[in-house]
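Chemist: My structure is in input-v8.csv, and what it holds is CSV, C-alpha atoms:
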```
chain,number,residue,atom,x,y,z
K,13,MET,CA,0.0,0.0,0.0
K,14,ALA,CA,1.2,3.5,-0.8
K,15,SER,CA,2.0,5.8,2.1
K,16,LEU,CA,-1.0,7.2,3.9
K,17,ILE,CA,0.9,10.1,5.2
K,18,ASP,CA,2.0,12.9,3.0
K,19,MET,CA,5.5,13.1,4.6
K,20,ASP,CA,6.6,16.2,2.6
K,21,ARG,CA,3.6,18.2,3.7
K,22,LEU,CA,3.8,16.9,7.2
K,23,MET,CA,7.5,17.8,7.7
K,24,LYS,CA,6.9,21.2,6.1
K,25,GLU,CA,4.1,21.9,8.4
K,26,PHE,CA,6.0,20.8,11.5
K,27,ALA,CA,9.4,22.3,10.4
K,28,GLY,CA,11.0,23.5,13.6
K,29,ASP,CA,8.4,21.7,15.7
K,30,GLU,CA,9.6,18.2,15.2
K,31,GLU,CA,9.6,17.5,19.0
K,32,ILE,CA,6.0,18.6,19.1
K,33,LEU,CA,5.2,16.3,16.2
K,34,ALA,CA,6.8,13.4,18.2
K,35,GLU,CA,4.6,14.3,21.2
K,36,ILE,CA,1.5,14.5,19.1
K,37,CYS,CA,2.2,11.0,17.6
K,38,GLU,CA,2.4,9.8,21.2
K,39,ALA,CA,-0.8,11.5,22.2
K,40,PHE,CA,-2.6,10.2,19.1
K,41,ARG,CA,-1.5,6.6,19.9
K,42,GLY,CA,-2.8,7.1,23.4
K,43,GLU,CA,-6.1,8.5,22.4
K,44,LEU,CA,-6.7,6.3,19.4
K,45,PRO,CA,-8.2,3.3,21.2
K,46,LYS,CA,-10.7,5.6,22.9
K,47,MET,CA,-11.6,7.3,19.6
K,48,MET,CA,-12.1,4.0,17.8
K,49,LEU,CA,-14.1,2.6,20.6
K,50,SER,CA,-16.5,5.6,20.5
K,51,ILE,CA,-17.0,5.0,16.8
K,52,ALA,CA,-17.4,1.2,17.2
K,53,ASN,CA,-20.0,1.8,19.9
K,54,ALA,CA,-21.9,4.3,17.8
K,55,VAL,CA,-21.9,1.9,14.8
K,56,GLN,CA,-23.1,-1.0,16.9
K,57,ALA,CA,-25.8,1.1,18.6
K,58,LYS,CA,-26.7,2.7,15.2
K,59,ASP,CA,-26.5,6.0,17.1
K,60,SER,CA,-26.1,8.5,14.3
K,61,LYS,CA,-25.4,11.5,16.5
K,62,ALA,CA,-22.7,9.7,18.4
K,63,LEU,CA,-21.3,8.5,15.1
K,64,GLU,CA,-21.2,12.0,13.6
K,65,PHE,CA,-19.4,13.3,16.7
K,66,SER,CA,-16.9,10.5,17.2
K,67,ALA,CA,-16.0,10.3,13.5
K,68,HIS,CA,-15.6,14.1,13.4
K,69,THR,CA,-13.1,13.9,16.3
K,70,LEU,CA,-11.1,11.2,14.7
K,71,LYS,CA,-11.1,13.1,11.4
K,72,GLY,CA,-9.7,16.2,13.1
K,73,ALA,CA,-7.0,14.1,14.8
K,74,VAL,CA,-5.8,12.3,11.7
K,75,ALA,CA,-5.9,15.4,9.6
K,76,ASN,CA,-2.9,16.7,11.7
K,77,PHE,CA,-0.8,13.9,10.1
K,78,GLN,CA,-1.6,14.9,6.5
K,79,ALA,CA,-3.3,11.5,6.1
K,80,LYS,CA,-6.0,12.5,3.6
K,81,ILE,CA,-7.3,9.0,2.7
K,82,VAL,CA,-7.8,8.2,6.4
K,83,LYS,CA,-9.4,11.6,7.0
K,84,ASP,CA,-11.7,11.1,4.1
K,85,ALA,CA,-12.8,7.7,5.4
K,86,ALA,CA,-13.6,9.3,8.8
K,87,HIS,CA,-15.4,12.1,7.0
K,88,VAL,CA,-17.6,9.5,5.2
K,89,MET,CA,-18.7,8.1,8.5
K,90,GLU,CA,-19.2,11.5,10.0
K,91,LYS,CA,-21.5,12.4,7.1
K,92,GLN,CA,-23.4,9.1,7.5
K,93,GLY,CA,-24.0,10.0,11.1
K,94,ARG,CA,-25.1,13.6,10.2
K,95,GLU,CA,-27.5,12.4,7.5
K,96,ASN,CA,-28.6,9.4,9.6
K,97,ALA,CA,-27.8,7.2,6.6
K,98,LEU,CA,-26.4,4.1,8.3
K,99,SER,CA,-27.0,1.4,5.7
K,100,ASP,CA,-23.4,0.4,4.9
K,101,VAL,CA,-21.9,1.8,8.1
K,102,ASP,CA,-20.4,-1.6,9.2
K,103,GLU,CA,-18.5,-1.9,6.0
K,104,ASN,CA,-17.3,1.7,6.2
K,105,TYR,CA,-16.2,1.1,9.8
K,106,ARG,CA,-14.1,-1.9,8.7
K,107,LYS,CA,-12.5,0.2,6.0
K,108,LEU,CA,-11.7,2.9,8.4
K,109,LYS,CA,-10.4,0.5,11.0
K,110,SER,CA,-8.1,-1.0,8.4
K,111,LEU,CA,-6.8,2.4,7.4
K,112,ILE,CA,-6.3,3.4,11.0
K,113,ASP,CA,-4.2,0.2,11.6
K,114,ALA,CA,-2.1,1.0,8.6
K,115,LEU,CA,-1.7,4.6,9.7
K,116,THR,CA,-0.6,3.5,13.2
K,117,ILE,CA,2.1,1.3,11.7
K,118,GLU,CA,3.3,4.2,9.6
K,119,LEU,CA,3.4,6.5,12.6
K,120,ASN,CA,5.3,3.9,14.6
K,121,SER,CA,7.9,3.6,11.8
K,122,MET,CA,8.4,7.3,11.5
K,123,ASN,CA,11.7,8.4,13.0
K,124,ILE,CA,11.0,12.0,14.0
K,125,LYS,CA,13.9,13.9,15.6
K,126,PRO,CA,14.1,17.6,16.4
K,127,ALA,CA,15.9,19.4,13.6
K,128,THR,CA,19.5,20.4,14.4
K,129,GLY,CA,19.7,24.0,15.4
K,130,THR,CA,16.1,24.1,16.6
K,131,PRO,CA,15.8,26.4,19.6
U,18,MET,CA,8.2,49.0,25.2
U,19,ILE,CA,11.1,46.6,25.2
U,20,GLU,CA,10.4,43.0,24.2
U,21,ALA,CA,11.2,41.5,27.6
U,22,GLU,CA,8.5,43.5,29.3
U,23,LYS,CA,5.7,42.1,27.1
U,24,LYS,CA,3.4,39.8,28.9
U,25,PRO,CA,2.4,36.6,27.0
U,26,ARG,CA,-1.1,36.9,25.6
U,27,LYS,CA,-3.6,34.6,27.2
U,28,ILE,CA,-5.4,32.3,24.9
U,29,LEU,CA,-8.1,29.8,25.7
U,30,ILE,CA,-8.4,26.7,23.5
U,31,VAL,CA,-11.8,24.9,23.7
U,32,ASP,CA,-11.6,21.6,22.0
U,33,ASP,CA,-12.6,18.1,23.2
U,34,ASP,CA,-10.1,16.4,20.9
U,35,ALA,CA,-7.1,15.7,23.2
U,36,VAL,CA,-4.7,15.4,20.2
U,37,ASN,CA,-5.6,18.8,18.7
U,38,ASN,CA,-5.7,20.4,22.1
U,39,LYS,CA,-2.2,19.2,22.9
U,40,LEU,CA,-0.9,20.1,19.5
U,41,LEU,CA,-2.2,23.7,19.5
U,42,THR,CA,-1.2,24.2,23.1
U,43,SER,CA,2.3,23.1,22.5
U,44,ARG,CA,2.8,25.1,19.3
U,45,LEU,CA,1.3,28.3,20.7
U,46,THR,CA,3.2,28.0,24.0
U,47,LYS,CA,6.4,27.5,22.1
U,48,ARG,CA,5.7,30.8,20.3
U,49,GLY,CA,5.2,32.7,23.5
U,50,PHE,CA,1.5,32.5,24.2
U,51,ASP,CA,0.1,31.7,27.6
U,52,VAL,CA,-2.3,28.9,26.8
U,53,THR,CA,-5.2,27.4,28.8
U,54,SER,CA,-7.2,24.5,27.4
U,55,HIS,CA,-10.6,23.3,28.1
U,56,ASP,CA,-12.4,20.2,26.6
U,57,ILE,CA,-16.1,21.1,27.0
U,58,GLY,CA,-18.3,24.0,26.2
U,59,THR,CA,-19.7,24.4,29.7
U,60,GLY,CA,-17.9,26.9,32.0
U,61,VAL,CA,-16.1,28.7,29.2
U,62,VAL,CA,-17.5,32.1,30.2
U,63,ASP,CA,-16.5,31.6,33.8
U,64,MET,CA,-13.1,30.6,32.7
U,65,ILE,CA,-12.7,33.7,30.6
U,66,GLU,CA,-13.7,35.8,33.6
U,67,LEU,CA,-11.5,34.0,36.2
U,68,THR,CA,-8.3,33.7,34.2
U,69,GLY,CA,-8.1,36.9,32.2
U,70,ILE,CA,-8.3,35.3,28.8
U,71,GLU,CA,-7.7,37.6,25.9
U,72,LEU,CA,-8.8,35.4,23.0
U,73,VAL,CA,-10.7,32.2,22.5
U,74,LEU,CA,-10.0,29.5,20.0
U,75,LEU,CA,-13.3,27.6,19.9
U,76,ASP,CA,-14.0,24.3,18.3
U,77,VAL,CA,-17.4,24.2,16.5
U,78,MET,CA,-18.2,20.6,17.6
U,79,LEU,CA,-18.1,20.0,21.4
U,80,PRO,CA,-19.4,17.0,23.3
U,81,ASP,CA,-21.8,18.8,25.6
U,82,ILE,CA,-23.0,22.0,23.8
U,83,SER,CA,-22.2,23.2,20.3
U,84,GLY,CA,-19.4,25.7,19.8
U,85,VAL,CA,-22.0,28.1,18.3
U,86,GLU,CA,-24.0,28.0,21.6
U,87,VAL,CA,-20.8,28.7,23.5
U,88,LEU,CA,-20.1,31.6,21.2
U,89,LYS,CA,-23.6,33.0,21.9
U,90,SER,CA,-23.0,32.8,25.7
U,91,ILE,CA,-19.6,34.6,25.2
U,92,ARG,CA,-21.3,37.3,23.1
U,93,ALA,CA,-24.0,37.8,25.7
U,94,LYS,CA,-21.3,39.1,27.9
U,95,TYR,CA,-18.4,40.3,25.7
U,96,GLU,CA,-18.4,42.3,22.5
U,97,LYS,CA,-16.2,41.3,19.5
U,98,THR,CA,-13.8,44.1,20.3
U,99,VAL,CA,-13.4,43.0,23.9
U,100,MET,CA,-13.2,39.2,23.6
U,101,PRO,CA,-12.2,37.9,20.1
U,102,VAL,CA,-13.4,34.4,19.3
U,103,ILE,CA,-11.8,32.4,16.5
U,104,MET,CA,-13.8,29.4,15.5
U,105,VAL,CA,-11.9,26.2,14.8
U,106,THR,CA,-13.6,24.1,12.3
U,107,SER,CA,-13.2,21.5,9.6
U,108,LYS,CA,-13.2,22.7,6.0
U,109,ASP,CA,-16.3,20.5,5.5
U,110,ASP,CA,-18.4,22.7,7.7
U,111,PRO,CA,-19.2,25.8,5.7
U,112,GLU,CA,-22.7,26.2,7.3
U,113,ASP,CA,-21.1,26.2,10.8
U,114,ILE,CA,-18.6,28.8,9.7
U,115,ALA,CA,-21.3,31.0,8.3
U,116,ALA,CA,-23.5,30.7,11.4
U,117,ALA,CA,-20.6,31.4,13.7
U,118,LEU,CA,-19.6,34.5,11.8
U,119,GLN,CA,-23.1,35.8,11.8
U,120,LEU,CA,-23.3,35.2,15.6
U,121,GLY,CA,-20.2,37.3,16.2
U,122,ALA,CA,-17.2,35.1,15.7
U,123,ASN,CA,-14.3,37.3,14.8
U,124,ASP,CA,-12.7,34.8,12.4
U,125,TYR,CA,-12.2,31.1,11.8
U,126,ILE,CA,-9.4,28.7,11.1
U,127,ALA,CA,-9.8,25.3,9.4
U,128,LYS,CA,-8.4,22.0,10.6
U,129,PRO,CA,-5.8,20.8,10.1
U,130,ILE,CA,-4.5,24.0,11.6
U,131,HIS,CA,-1.6,25.6,9.8
U,132,ILE,CA,0.3,27.2,12.7
U,133,ASP,CA,1.6,30.3,10.8
U,134,VAL,CA,-1.9,31.1,9.5
U,135,ALA,CA,-3.4,30.6,13.0
U,136,ILE,CA,-0.8,32.9,14.6
U,137,ALA,CA,-1.3,35.6,12.0
U,138,ARG,CA,-5.1,35.5,12.6
U,139,ILE,CA,-4.7,35.4,16.4
U,140,ASN,CA,-2.3,38.4,16.3
U,141,THR,CA,-4.6,40.3,14.0
U,142,GLN,CA,-7.5,39.9,16.4
U,143,LEU,CA,-5.4,40.8,19.4
U,144,SER,CA,-4.2,43.9,17.6
U,145,VAL,CA,-7.7,45.0,16.7
U,146,CYS,CA,-8.7,44.7,20.4
U,147,ASP,CA,-5.6,46.6,21.5
U,148,LEU,CA,-6.4,49.4,19.1
U,149,TYR,CA,-10.0,49.5,20.3
U,150,ARG,CA,-8.9,49.6,23.9
U,151,ASP,CA,-6.3,52.4,23.2
U,152,ASN,CA,-9.0,54.4,21.4
U,153,MET,CA,-11.4,54.0,24.3
U,154,ARG,CA,-8.7,55.1,26.7
U,155,ARG,CA,-7.9,58.1,24.6
U,156,GLN,CA,-11.6,59.1,24.4
U,157,GLN,CA,-11.9,58.8,28.2
U,158,GLN,CA,-8.8,60.9,28.6
U,159,ASP,CA,-10.2,63.5,26.2
U,160,SER,CA,-13.4,63.6,28.2
U,161,MET,CA,-11.5,64.1,31.4
U,162,ASN,CA,-9.4,66.9,29.9
U,163,ALA,CA,-12.6,68.6,28.6
U,164,LEU,CA,-14.1,68.3,32.1
U,165,ILE,CA,-11.1,69.9,33.7
U,166,VAL,CA,-11.1,72.7,31.1
U,167,ALA,CA,-14.8,73.4,31.8
U,168,PHE,CA,-14.2,73.3,35.5
U,169,ASN,CA,-11.4,75.8,35.3
U,170,HIS,CA,-13.2,78.1,32.9
U,171,GLU,CA,-16.5,78.2,34.7
U,172,ILE,CA,-15.2,78.4,38.2
U,173,ASN,CA,-12.3,80.8,37.9
U,174,ASN,CA,-14.4,83.9,37.2
U,175,PRO,CA,-16.9,83.6,40.0
U,176,LEU,CA,-14.1,82.5,42.3
U,177,ALA,CA,-12.1,85.6,41.6
U,178,ILE,CA,-15.2,87.7,42.1
U,179,ALA,CA,-16.0,86.0,45.4
U,180,MET,CA,-12.4,86.3,46.7
U,181,GLY,CA,-12.1,90.0,45.7
U,182,ASN,CA,-15.4,91.0,47.2
U,183,LEU,CA,-14.8,88.9,50.4
U,184,SER,CA,-11.5,90.7,51.0
U,185,LEU,CA,-13.1,94.1,50.3
U,186,GLY,CA,-16.1,93.4,52.4
U,187,MET,CA,-14.1,92.2,55.4
U,188,ALA,CA,-11.5,95.1,55.1
U,189,LYS,CA,-14.1,97.8,54.8
U,190,ASN,CA,-17.1,96.1,56.4
U,191,ASP,CA,-18.8,96.6,53.1
U,192,MET,CA,-22.1,94.5,53.1
U,193,VAL,CA,-22.7,95.1,49.3
U,194,ALA,CA,-19.3,93.5,48.6
U,195,LEU,CA,-20.0,90.6,50.9
U,196,LYS,CA,-23.4,90.1,49.2
U,197,LYS,CA,-21.6,90.0,45.9
U,198,SER,CA,-19.2,87.5,47.3
U,199,GLU,CA,-22.0,85.3,48.5
U,200,ALA,CA,-23.7,85.5,45.1
U,201,ALA,CA,-20.5,84.5,43.4
U,202,MET,CA,-20.1,81.5,45.8
U,203,ASN,CA,-23.7,80.5,45.2
U,204,ARG,CA,-22.9,80.5,41.5
U,205,ILE,CA,-19.8,78.2,42.2
U,206,ALA,CA,-22.0,75.9,44.2
U,207,GLU,CA,-24.5,75.7,41.3
U,208,LEU,CA,-21.7,74.9,38.8
U,209,ILE,CA,-20.4,72.2,41.0
U,210,ARG,CA,-23.9,70.7,41.3
U,211,LYS,CA,-24.2,70.7,37.4
U,212,ILE,CA,-20.7,69.2,37.0
U,213,ASN,CA,-21.6,66.5,39.6
U,214,GLN,CA,-24.7,65.7,37.4
U,215,ILE,CA,-22.4,65.3,34.4
U,216,THR,CA,-20.1,62.9,36.2
U,217,LYS,CA,-23.2,60.9,37.3
U,218,GLY,CA,-24.0,59.9,33.7
U,219,LYS,CA,-25.8,62.8,32.2
U,220,PRO,CA,-25.0,62.9,28.4
U,221,VAL,CA,-21.8,65.0,27.9
U,222,GLU,CA,-21.9,67.7,25.3
U,223,LEU,CA,-18.6,69.3,24.2
U,224,THR,CA,-18.0,72.8,23.0
U,225,GLU,CA,-14.9,74.4,21.6
U,226,TYR,CA,-12.9,76.3,24.3
U,227,THR,CA,-9.9,77.3,22.2
U,228,LYS,CA,-8.8,76.2,18.7
U,229,ASP,CA,-7.3,72.9,19.9
U,230,THR,CA,-9.2,72.5,23.2
U,231,MET,CA,-12.6,71.2,23.9
U,232,MET,CA,-14.6,71.6,27.1
U,233,VAL,CA,-17.7,70.1,28.6
U,234,LYS,CA,-20.7,72.3,28.0
U,235,ILE,CA,-22.4,73.2,31.3
U,236,SER,CA,-25.9,74.5,30.9
```
Let me see the structure of the file written as structure tokens.
Modeler:
Amino acid sequence: MASLIDMDRLMKEFAGDEEILAEICEAFRGELPKMMLSIANAVQAKDSKALEFSAHTLKGAVANFQAKIVKDAAHVMEKQGRENALSDVDENYRKLKSLIDALTIELNSMNIKPATGTP
Amino acid sequence: MIEAEKKPRKILIVDDDAVNNKLLTSRLTKRGFDVTSHDIGTGVVDMIELTGIELVLLDVMLPDISGVEVLKSIRAKYEKTVMPVIMVTSKDDPEDIAAALQLGANDYIAKPIHIDVAIARINTQLSVCDLYRDNMRRQQQDSMNALIVAFNHEINNPLAIAMGNLSLGMAKNDMVALKKSEAAMNRIAELIRKINQITKGKPVELTEYTKDTMMVKIS
């Protein structure tokens, strides 16, 4: 699979803030189980409002990593929740879960170090 | 003012997303802002009051109440020029952005947040508020100056008459002079009563005293 993260854009956005990017990766890994559980619960309960909110939160978090495909997948679920159109929500959740797993692997393999000369 | 004396500007981030919250807090703190974060909409107005917040970055979607509702409660208490609010939203929420701007949001920034854009927008709003505050202070100072000019102008003449006639009356036991002195002092008392009314909130009307000086009109 091609890279989910647009590394060029990510490194450009965090230029000079590499240590913060490393902290955010850590925070994201810590928050991810909770975020995915909220989405899974909403899907299982067919709770459209909870789905809209939880998918929106995940979308915002993954957007920070310039992971457009994953962000779009979260957006699809958010929209399903907003429009209360939950017909293929299970399938979309599986797709999202698979993308999130791949994103986590990519984040784990990133070697982010503060740039030399960074104050 | 030298750079070292500048106090860090106080910013409140309201966002339930822990990752975004941490990200913005870290990046703004690194750039010299004094950042407080809050993850629900409830209590935001109290927080502004208690912690001397100067600007709010407010997420549109919050778990308890919507960001737009939080904005309404802020605007019920603070005008745009006093407490700037920048909405933080996804690019996919144009309706939320429009609603928030109509309800008094100063600006918005889209997620993912580009830090340079965010800081430029934050600084713009803080500068606008600073200018507004400076202008208000200048207007207050001008009003005070005009009041002092009016006080001097209106009271000096009767005071001189009262003092002169009092000296004359006492030296020569001249009752006419003493009566004149009393009349002049009554005039001063009347002026002080009118000035007192002005300072108690009666609308202030200015009139030109000299070419460059205004004074409060006392009538």
Chemist: What does the distance between atom CA of Gly72 of chain K and atom CA of Met104 of chain U come to in Å, to one decimal place?
Modeler: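 Computing it gives 14.0 Å between the two atoms.
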Chemist: Quick one: which residues from chain K are at most 9 Å off chain U, using all atoms listed in the file, as a PyMOL selection string?
Modeler: chain K and resi 25-26+29+32-33+35-37+39-40+43+65+68-78+87
Chemist: For the atom pair atom CA of Met192 of chain U and atom CA of Ala206 of chain U, what is the interatomic distance in Å to one decimal place?
Modeler: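 So the answer is 20.6 Å.
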Chemist: Which neighbours of segment 48-62 of chain U fall inside 7 Å, counting only C-alpha atoms, when residues of the same chain fewer than 2 positions from it are skipped, and could you give them as a PyMOL selection string?
Modeler: chain U and resi 25-33+38+42+44-46+64-66+79-82+84+87+91
Chemist: What's the separation between atom CA of Ile139 of chain U and atom CA of Ile103 of chain U, in Å to one decimal place?
Modeler: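 So the two atoms, atom CA of Ile139 of chain U and atom CA of Ile103 of chain U, lie 7.7 Å apart.
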Chemist: Quick one: residues within 9 Å of Leu120 of chain U, all atoms listed in the file, excluding same-chain residues fewer than 5 positions away - as a PyMOL selection string?
Modeler: chain U and resi 85+88-89+92+115
Chemist: Atoms are missing here; could segment 84-106 of chain K be completed with N, CA, C and O atoms and written as a compact mmCIF listing (two decimals), in the coordinates of the input?
Modeler:
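So the final result, stored in result_7.txt, reads:
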```txt
# COMPACT_ATOMS: atom_id res chain seq x y z
N ASP K 84 -10.53 11.25 4.91
CA ASP K 84 -11.70 11.10 4.10
C ASP K 84 -12.64 10.00 4.53
O ASP K 84 -13.87 10.11 4.52
N ALA K 85 -11.99 8.89 4.94
CA ALA K 85 -12.80 7.70 5.40
C ALA K 85 -13.55 8.11 6.69
O ALA K 85 -14.72 7.73 6.86
N ALA K 86 -12.91 8.87 7.56
CA ALA K 86 -13.60 9.30 8.80
C ALA K 86 -14.71 10.29 8.43
O ALA K 86 -15.80 10.27 9.03
N HIS K 87 -14.43 11.10 7.42
CA HIS K 87 -15.40 12.10 7.00
C HIS K 87 -16.69 11.40 6.45
O HIS K 87 -17.82 11.84 6.70
N VAL K 88 -16.47 10.30 5.70
CA VAL K 88 -17.60 9.50 5.20
C VAL K 88 -18.52 9.08 6.31
O VAL K 88 -19.75 9.22 6.26
N MET K 89 -17.88 8.58 7.38
CA MET K 89 -18.70 8.10 8.50
C MET K 89 -19.35 9.24 9.25
O MET K 89 -20.48 9.12 9.72
N GLU K 90 -18.64 10.35 9.36
CA GLU K 90 -19.20 11.50 10.00
C GLU K 90 -20.49 11.95 9.25
O GLU K 90 -21.53 12.24 9.86
N LYS K 91 -20.36 11.95 7.92
CA LYS K 91 -21.50 12.40 7.10
C LYS K 91 -22.65 11.40 7.20
O LYS K 91 -23.81 11.81 7.28
N GLN K 92 -22.30 10.10 7.27
CA GLN K 92 -23.40 9.10 7.50
C GLN K 92 -24.13 9.38 8.74
O GLN K 92 -25.35 9.26 8.79
N GLY K 93 -23.38 9.72 9.77
CA GLY K 93 -24.00 10.00 11.10
C GLY K 93 -24.87 11.28 10.95
O GLY K 93 -26.02 11.29 11.40
N ARG K 94 -24.33 12.32 10.31
CA ARG K 94 -25.10 13.60 10.20
C ARG K 94 -26.37 13.40 9.46
O ARG K 94 -27.40 13.96 9.80
N GLU K 95 -26.28 12.57 8.37
CA GLU K 95 -27.50 12.40 7.50
C GLU K 95 -28.32 11.20 7.97
O GLU K 95 -29.30 10.86 7.31
N ASN K 96 -27.91 10.58 9.05
CA ASN K 96 -28.60 9.40 9.60
C ASN K 96 -28.79 8.35 8.46
O ASN K 96 -29.87 7.76 8.31
N ALA K 97 -27.74 8.16 7.68
CA ALA K 97 -27.80 7.20 6.60
C ALA K 97 -26.80 6.06 6.92
O ALA K 97 -25.64 6.09 6.52
N LEU K 98 -27.28 5.12 7.70
CA LEU K 98 -26.40 4.10 8.30
C LEU K 98 -26.39 2.78 7.59
O LEU K 98 -25.95 1.78 8.15
N SER K 99 -26.85 2.73 6.33
CA SER K 99 -27.00 1.40 5.70
C SER K 99 -25.72 0.62 5.58
O SER K 99 -25.69 -0.54 5.99
N ASP K 100 -24.66 1.21 5.06
CA ASP K 100 -23.40 0.40 4.90
C ASP K 100 -22.35 0.89 5.94
O ASP K 100 -21.16 0.89 5.65
N VAL K 101 -22.83 1.25 7.11
CA VAL K 101 -21.90 1.80 8.10
C VAL K 101 -20.93 0.76 8.64
O VAL K 101 -19.77 1.09 8.94
N ASP K 102 -21.36 -0.51 8.71
CA ASP K 102 -20.40 -1.60 9.20
C ASP K 102 -19.26 -1.73 8.26
O ASP K 102 -18.12 -1.84 8.69
N GLU K 103 -19.55 -1.73 6.98
CA GLU K 103 -18.50 -1.90 6.00
C GLU K 103 -17.55 -0.69 6.02
O GLU K 103 -16.33 -0.86 5.97
N ASN K 104 -18.12 0.49 6.15
CA ASN K 104 -17.30 1.70 6.20
C ASN K 104 -16.43 1.70 7.49
O ASN K 104 -15.29 2.18 7.47
N TYR K 105 -16.97 1.17 8.56
CA TYR K 105 -16.20 1.10 9.80
C TYR K 105 -15.00 0.16 9.60
O TYR K 105 -13.88 0.46 10.03
N ARG K 106 -15.24 -0.98 8.93
CA ARG K 106 -14.10 -1.90 8.70
C ARG K 106 -13.04 -1.28 7.85
O ARG K 106 -11.85 -1.44 8.13
```
